[in-house]
Number of protein chains: 2
Amino acid sequence: MQNEKNIISQRPLILVANDDGVEARGIRHLATLASRYGDVIIAAPLSPQSGMSSALTVGEPLYINKYPDLSENVKVYSVSGTPVDCVKLAMHAIVPSRPDLILSGINHGSNAAVNNIYSGTMGAAMEGCLIGIPSVGFSLLSHDPEARLDQCDPIICHIIDSVLTKGLPEGLCLNVNFPKEVIPAGVKVVRAAKGYWTEEYADFVTPYGRTSYWLTGRFHNEEPDCPETDEYWLARGYASVVPIRPDQTATDSIDTIKEVLGS
Amino acid sequence: MQNEKNIISQRPLILVANDDGVEARGIRHLATLASRYGDVIIAAPLSPQSGMSSALTVGEPLYINKYPDLSENVKVYSVSGTPVDCVKLAMHAIVPSRPDLILSGINHGSNAAVNNIYSGTMGAAMEGCLIGIPSVGFSLLSHDPEARLDQCDPIICHIIDSVLTKGLPEGLCLNVNFPKEVIPAGVKVVRAAKGYWTEEYADFVTPYGRTSYWLTGRFHNEEPDCPETDEYWLARGYASVVPIRPDQTATDSIDTIKEVLGS
């Protein structure tokens, strides 16, 4: 289990990132909740970074900005890069000691099912996991800027408390999604639903006659009736928790690939 | 196995993407090799996209540019976005029919070990896998713009031929890395080495007095003596093939996480 006591303060140190940017309601809500359990540092992107996955900034410099503290226990910084940049640079230049926990979110929008792979929210959580710190990403299935966030509070607090107390298995982080507009009926630990996107682009001719393509589309869930999946329970008003392994090696398929390649 | 016969042409259709951009030597070399096996369409980023992982472009339009054909069997397009955008938009607006194979690379630089998670090269290959098309990413462990690429040819051709003939298991793609400056001694199908980055940033004060941070650092291999890993064989002059599963759900850990959360 990965879980080290913070050596400077007696309280745990919690680093909070996101992909919606430092001004987002979701991160301020999450950081305030987290401050019940420890000293909190926000290190969030200067600008929205939705869909940035585990992207990092190469070949140009990053900058840090200090923002007014949210409270005595919540300090706020921005990083001029991606969610992964936020975690990496916070570790290098912002945190006073190694964090006990890294949180990401609350994302405004779903990161359930295959969407996880494109998620900047989960990019930050996976980066925390890769450096050996227990990490959790939170997302709400609503893009409404006024969406209620407090309905998630009891589950978020339970997860923060559980992970701070018990840690997480090495090499794993958590992807938590909340249903929209309801108090979650409970928590289900499940796998990501399989599916794909359809009608992905809207074609649009610019005023200057050039064809442009805007990402859009709908997620098609291939297994809507499968109670082993996150989408199934989210559709029924539950929060979903999916354990995520950043190392994508399919070790169980090495022999199969040897056969395909004859090697 | 995922492998459909192309319905328009009798030759297989092969889509080739990368993260170094449409002008890169690596993609032109790979596409030319691939044209021995089928009709090739390059859909590559307009500008270099290293470190872009599975990022996609949201909230702004994409554009396609046509470039001169490399040959009768290699058509060339650029997309004004990320490697994932290239695959998605090529499927929507460029390819005449569903490709039989998606290739990515040859990347100028390593995507072995944990680097895979940040790789735009593998972002494109994983996107191909997610839409159900056999997909392979190729990378060379050299950033030298004049690096010899032809030493990889026999292995690349063998992999293209094998995957076109036999397909790949559903939900898997391949991450192939080549050692630098040598003819590979052979191919090893292995897992990604575990490790982490150290000394990640160079701090630099701008002429205007502001502290900036440039990504740098070294990868620390935690298991340099483990012959089950890609880094081990790359260091010994072999090419490595790692089977990659884009779905990161750790299904084998669901019960453990239920215990952590008491749910």
# chains A, B, ... in the order shown; residues from 1 in each chain; ligands from 1
call {"tool": "closest_atom_pairs", "arguments": {"of": "region 77-143 of chain A", "to": "region 23-27 of chain A", "cutoff": "7 Å", "atoms": "only C-alpha atoms", "output": "tab-separated table"}}
result
residue	atom	partner	partner_atom	distance
A:Gly105	CA	A:Ile27	CA	5.4
A:Ile106	CA	A:Gly26	CA	4.4
A:Asn107	CA	A:Gly26	CA	6.2
A:His108	CA	A:Gly26	CA	6.9
call {"tool": "select_by_dssp", "arguments": {"residues": "region 72-152 of chain A", "states": "helix (DSSP H, G or I)", "output": "PyMOL selection string"}}
result
chain A and resi 83-93+113-118+120-130+150-152
call {"tool": "interface_residues", "arguments": {"of": "chain A", "to": "chain B", "cutoff": "6 Å", "atoms": "only C-alpha atoms", "output": "mmCIF file with N, CA and C atoms, in the first residue's frame"}}
result
data_model
loop_
_atom_site.group_PDB
_atom_site.id
_atom_site.type_symbol
_atom_site.label_atom_id
_atom_site.label_comp_id
_atom_site.auth_asym_id
_atom_site.auth_seq_id
_atom_site.Cartn_x
_atom_site.Cartn_y
_atom_site.Cartn_z
ATOM 1 N N GLY A 51 -10.077 17.049 -22.291
ATOM 2 C CA GLY A 51 -9.658 16.164 -23.367
ATOM 3 C C GLY A 51 -8.155 16.071 -23.527
ATOM 4 N N MET A 52 -7.382 16.522 -22.540
ATOM 5 C CA MET A 52 -5.921 16.536 -22.686
ATOM 6 C C MET A 52 -5.262 15.240 -22.250
ATOM 7 N N SER A 53 -6.035 14.275 -21.735
ATOM 8 C CA SER A 53 -5.466 12.959 -21.448
ATOM 9 C C SER A 53 -4.213 13.105 -20.582
ATOM 10 N N SER A 54 -3.183 12.328 -20.850
ATOM 11 C CA SER A 54 -1.913 12.434 -20.115
ATOM 12 C C SER A 54 -0.905 13.300 -20.867
ATOM 13 N N ALA A 55 -1.388 14.246 -21.666
ATOM 14 C CA ALA A 55 -0.469 15.113 -22.414
ATOM 15 C C ALA A 55 0.399 15.919 -21.475
ATOM 16 N N LEU A 56 1.640 16.154 -21.900
ATOM 17 C CA LEU A 56 2.527 17.047 -21.155
ATOM 18 C C LEU A 56 3.158 18.034 -22.132
ATOM 19 N N PRO A 61 8.510 26.624 -21.965
ATOM 20 C CA PRO A 61 8.556 26.707 -20.503
ATOM 21 C C PRO A 61 7.171 26.785 -19.875
ATOM 22 N N LEU A 62 7.096 26.383 -18.620
ATOM 23 C CA LEU A 62 5.884 26.518 -17.822
ATOM 24 C C LEU A 62 6.082 27.624 -16.779
ATOM 25 N N TYR A 63 4.957 28.226 -16.387
ATOM 26 C CA TYR A 63 4.986 29.272 -15.370
ATOM 27 C C TYR A 63 3.970 28.937 -14.287
ATOM 28 N N TYR A 118 -9.335 9.822 -22.637
ATOM 29 C CA TYR A 118 -9.147 11.192 -23.110
ATOM 30 C C TYR A 118 -9.126 12.205 -21.965
ATOM 31 N N SER A 162 -11.188 7.095 3.482
ATOM 32 C CA SER A 162 -10.776 5.695 3.310
ATOM 33 C C SER A 162 -9.378 5.594 2.706
ATOM 34 N N ARG A 191 -16.196 -2.027 -13.458
ATOM 35 C CA ARG A 191 -15.259 -1.767 -14.554
ATOM 36 C C ARG A 191 -15.872 -0.759 -15.525
ATOM 37 N N SER A 212 -14.555 22.953 -42.160
ATOM 38 C CA SER A 212 -13.967 22.682 -40.845
ATOM 39 C C SER A 212 -14.785 21.604 -40.165
ATOM 40 N N TYR A 213 -14.184 20.979 -39.170
ATOM 41 C CA TYR A 213 -14.787 19.827 -38.503
ATOM 42 C C TYR A 213 -14.755 20.046 -36.995
ATOM 43 N N TRP A 214 -15.921 20.007 -36.360
ATOM 44 C CA TRP A 214 -16.017 20.186 -34.904
ATOM 45 C C TRP A 214 -16.318 18.844 -34.260
ATOM 46 N N PRO A 243 -11.318 1.061 -10.619
ATOM 47 C CA PRO A 243 -9.866 1.053 -10.393
ATOM 48 C C PRO A 243 -9.131 1.111 -11.731
ATOM 49 N N ILE A 244 -8.183 2.041 -11.843
ATOM 50 C CA ILE A 244 -7.481 2.306 -13.105
ATOM 51 C C ILE A 244 -5.995 2.002 -12.923
ATOM 52 N N ARG A 245 -5.454 1.267 -13.891
ATOM 53 C CA ARG A 245 -4.018 0.935 -13.873
ATOM 54 C C ARG A 245 -3.336 1.694 -15.011
ATOM 55 N N GLN A 248 -0.412 0.173 -19.151
ATOM 56 C CA GLN A 248 -1.352 -0.477 -20.069
ATOM 57 C C GLN A 248 -0.835 -1.788 -20.645
ATOM 58 N N THR A 249 0.328 -2.250 -20.190
ATOM 59 C CA THR A 249 0.834 -3.513 -20.730
ATOM 60 C C THR A 249 -0.165 -4.640 -20.482
ATOM 61 N N ALA A 250 -0.504 -5.360 -21.545
ATOM 62 C CA ALA A 250 -1.400 -6.520 -21.421
ATOM 63 C C ALA A 250 -0.530 -7.754 -21.224
ATOM 64 N N LEU A 261 3.324 -12.943 -34.124
ATOM 65 C CA LEU A 261 4.568 -12.515 -34.771
ATOM 66 C C LEU A 261 5.517 -13.683 -35.038
#
call {"tool": "closest_residue", "arguments": {"among": "A:Glu170, A:Glu72, A:Asp19, A:Asp150", "to": "Cys86 (chain A)", "atoms": "only C-alpha atoms"}}
result
A:Asp19
